[in-house]
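Input: a single structure, listed below in structure tokens.
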There are 6 protein chains.
Amino acid sequence: MRALFIGRFQPFHLGHVEVLKKFDFEYVIAIGSAYESYTKENPFTAGERYEMIHEGMMEAGIKNFHIVPVPDINRYGVYVKHLADITPSFDKVITNKKVIKEIFEREGYEVISTPLYKRKEYRGEVIRRRIAKKMPWEHLLPKSVADYIKKIRGVERIQAIYAKDF
Amino acid sequence: MRALFIGRFQPFHLGHVEVLKKFDFEYVIAIGSAYESYTKENPFTAGERYEMIHEGMMEAGIKNFHIVPVPDINRYGVYVKHLADITPSFDKVITNKKVIKEIFEREGYEVISTPLYKRKEYRGEVIRRRIAKKMPWEHLLPKSVADYIKKIRGVERIQAIYAKDF
Amino acid sequence: MRALFIGRFQPFHLGHVEVLKKFDFEYVIAIGSAYESYTKENPFTAGERYEMIHEGMMEAGIKNFHIVPVPDINRYGVYVKHLADITPSFDKVITNKKVIKEIFEREGYEVISTPLYKRKEYRGEVIRRRIAKKMPWEHLLPKSVADYIKKIRGVERIQAIYAKDF
Amino acid sequence: MRALFIGRFQPFHLGHVEVLKKFDFEYVIAIGSAYESYTKENPFTAGERYEMIHEGMMEAGIKNFHIVPVPDINRYGVYVKHLADITPSFDKVITNKKVIKEIFEREGYEVISTPLYKRKEYRGEVIRRRIAKKMPWEHLLPKSVADYIKKIRGVERIQAIYAKDF
Amino acid sequence: MRALFIGRFQPFHLGHVEVLKKFDFEYVIAIGSAYESYTKENPFTAGERYEMIHEGMMEAGIKNFHIVPVPDINRYGVYVKHLADITPSFDKVITNKKVIKEIFEREGYEVISTPLYKRKEYRGEVIRRRIAKKMPWEHLLPKSVADYIKKIRGVERIQAIYAKDF
Amino acid sequence: MRALFIGRFQPFHLGHVEVLKKFDFEYVIAIGSAYESYTKENPFTAGERYEMIHEGMMEAGIKNFHIVPVPDINRYGVYVKHLADITPSFDKVITNKKVIKEIFEREGYEVISTPLYKRKEYRGEVIRRRIAKKMPWEHLLPKSVADYIKKIRGVERIQAIYAKDF
């Protein structure tokens, strides 16, 4: 039984891990907005996010998964097919976004809506802002992911992206 | 005498019908942002909008028209040519947007600026919001278009798109 | 009952008319390669082809149809969805190409395979070459289409495209 | 010694000239967002901006430069390579944006950060707004550039773009 | 030590396996032309090729690898960066194509040129043609890959793609 | 009086110089297929071609020119506008290709058709093949351009591109 889990993973954090640990599926993890990087919304490249997810999954002891970077096409009417065209096949989709649910159900997929884990804290946007503002952030990520971000100088990068320019 | 009428038609409503009934042209109706769908700005696919316009025109008794979906190119400097390349030819353009007037006049087209009908009410953005908020909306559309939207479960779709996700 | 009929219509000719007259469907006529023009394969713009089809259908007395230009996406795995996203809905597909049959059946459409009418003569490539070589060609097209091509100086265009450049 | 200077140049103004006059490099001037035009952010086409820069540089007595329009690719991770692929080669980059510094340093370029000249006044956004609001603006540009803008009716264009549409 | 191995894998065959078994690297396997499918050159989608590679690697007992679909950008000058932007990082590149060697060396990667295994037989183009012509082909692939192709009716697909259409 | 001269300039050679020396125009030199490189048809990047043209023009003593890389859009119906949108304005077009003449005249430009200089020898395709086959080629180019090609190791590159891969 394969389940799709889509996200932008900017960065991959413990909220993601909590959801993935709930089930016993073989996962297809789709990295959305794969071509975006070095922006406030998407500081990390898809390649870097691929490594974060891989490290984080190993640390969490989840072994049965496939990671696929998925470029945006900005056409929701075609998005499901676009994604399914470049990923291993799947039967289920895990999401808590209503419009994602809508477009996958329209194509005949079973959608599992699951509440996110401590959504106010474990959230990409919040974590990026904490890094930008030099507030503590490492406790929100798997240790290996936090280490990876520091290794690639991701902290400095996010601070540069959030900096005022004059 | 053929006139171009451009819009996103999200959805096609009575304000559009009022403008089209004013003249006795053969119309080229261009569906702008044809690749956008399932977003707040553009909930319906171009194919769905094609059907709405066709139904609404029949209901209004206007018979002499051509409908053409036009994908965005996000290059206004080339947009007029891009559009004219994939539509039947036309001599006039009906618009009330100053920048659209500017780019078509620059290419030598005659532009007719006509005030929109009851612009505060008969307006896509207002209608989409009314649907999202479960306020009355059907009186703003041709009956056949309202019926079509209900048939394709467009009400539920717009409510899902506007929903908060957590 | 709506049926899809896809082609490049370079130009729209009597072979197309013969197939369309065989059935009593409401047609969705998709103009493929809509962004191509001024090449040997695709001398006419989608807008010009739109006008040819409209003229030719009127002349043939077929009234129940919708014409939609469809840009290529060069991704057959997504093509059916791409097309269906911007056309009115349809139930059947008329084609004699095995791979088109394959990709539409995969998406659950009924495909009608029908032999083409005098395929050796009534064929875009053959007609374009006849025009280029100044051989008779008008008898292969609806009269209104031949007239339209002459009016837009399409004969001179095709001869320029096929000309050797030095 | 060649230095890259990137901007959108909407329009090319005296702030740009001040920076360029500071150094004695051979310049590669990259016109960013080259495909954008007729919007609030980017009213002028790349071709028009090319002419503005050329006029302004002549007026300022700077002779050793190359102008290259660079379309966006919206992928910062690849942007430096994308740009370097279509411009003459360069060794240094002049910028005051931290994230631009970051992406060029990552590719091994030397980056010169220089404070902008009277940044509150000499700034594209401010100048465009002044034009839209019919406030004085010509003193902020090289005379030849102001003349060019008036010649191509750029004042009217910006006012049309900024106008409310109903 | 991570090594990049690029191919289109149409299909993944024993020639690929032989090369991968020669070394003891952690592999990044990039599926080139990821958006192509249902053509003579590229009959299988990237998603299907992902599954083939995964099955074939398991069967060959190679465990340390990452698979990444890479869409074409048709700009060799930027291709290396485009690829590296969406894949886990790597140090070496395994290829026997001189131009691929050229573009990766230009970006500072170490390139390992290794002769292909029985290149006349173990070759995608040859295998696809054998399938199309109903000649024996299964012995050229890992058993699990041949089984997968049969399961998804890939044999019929290739025969439809290679069929004459009239 | 400004004249457009379009080419791919793979490489810029003495045949180009001969044509440009015939007239006394201010030239807009458009580098076509600007995003192509490292292929048989287009071995050099647009940036490299920019430098070749600049060197060659200096050597020929022609001073009044602007160079602009122009990416393909593969839509001849829109190509003229696409090009004019990113280049300085021009009144005339110099070309010897009939279809280029056709599309520019259609947009109202004056086209000058001029025979090419010793077309059998002074021709990109011929020169690239001579380089690939290690035949003499330098006499067909301005000296500065031949020197530039050798400096960037363009000879080795073309030989790698033309090499058989196994």
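Ordering of the structure tokens sets the chain letters (A, B, ...), residue numbers begin anew at 1 in every chain, and ligands are numbered from 1 in the order given.
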
Residue contacts of Ser144 of chain B (12 Å, only C-alpha atoms) excluding same-chain residues fewer than 3 positions away, as a list of chain:residue names: B:Pro11, B:Phe12, B:His13, B:Leu14, B:Glu51, B:Met52, B:Ile53, B:His54, B:Glu55, B:Gly56, B:Met57, B:Met58, B:Glu59, B:Ala60, B:Glu138, B:His139, B:Leu140, B:Leu141, B:Asp147, B:Tyr148, B:Ile149, B:Lys150, B:Lys151

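Residues from chain F that have an atom within 10 Å of chain D, counting only C-alpha atoms, are Ile31, Ala34, Tyr35, Glu36, Ser37, Phe44, Thr45, Ala46, Gly47, Glu48, Arg49, Tyr50, Glu51, Met52, His54, His66, Ile67, Val68, Pro69, Val70, Pro71, His82, Leu83, Ala84, Asp85, Ile86, Thr87, Pro88 and Ser89 of chain F.
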
DSSP-assigned strand (DSSP E) among chain C, expressed as a VMD selection string: chain C and resid 2 to 7 26 to 31 65 to 69 92 to 94 110 to 112

Residues of chain E in alpha helix (DSSP H), written as a count of residues only: 71

Atomic distance atom CA of Val19 of chain A - atom CA of Lys81 of chain A, expressed in Å with one decimal: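 For atom CA of Val19 of chain A relative to atom CA of Lys81 of chain A, the distance reads 24.5 Å.
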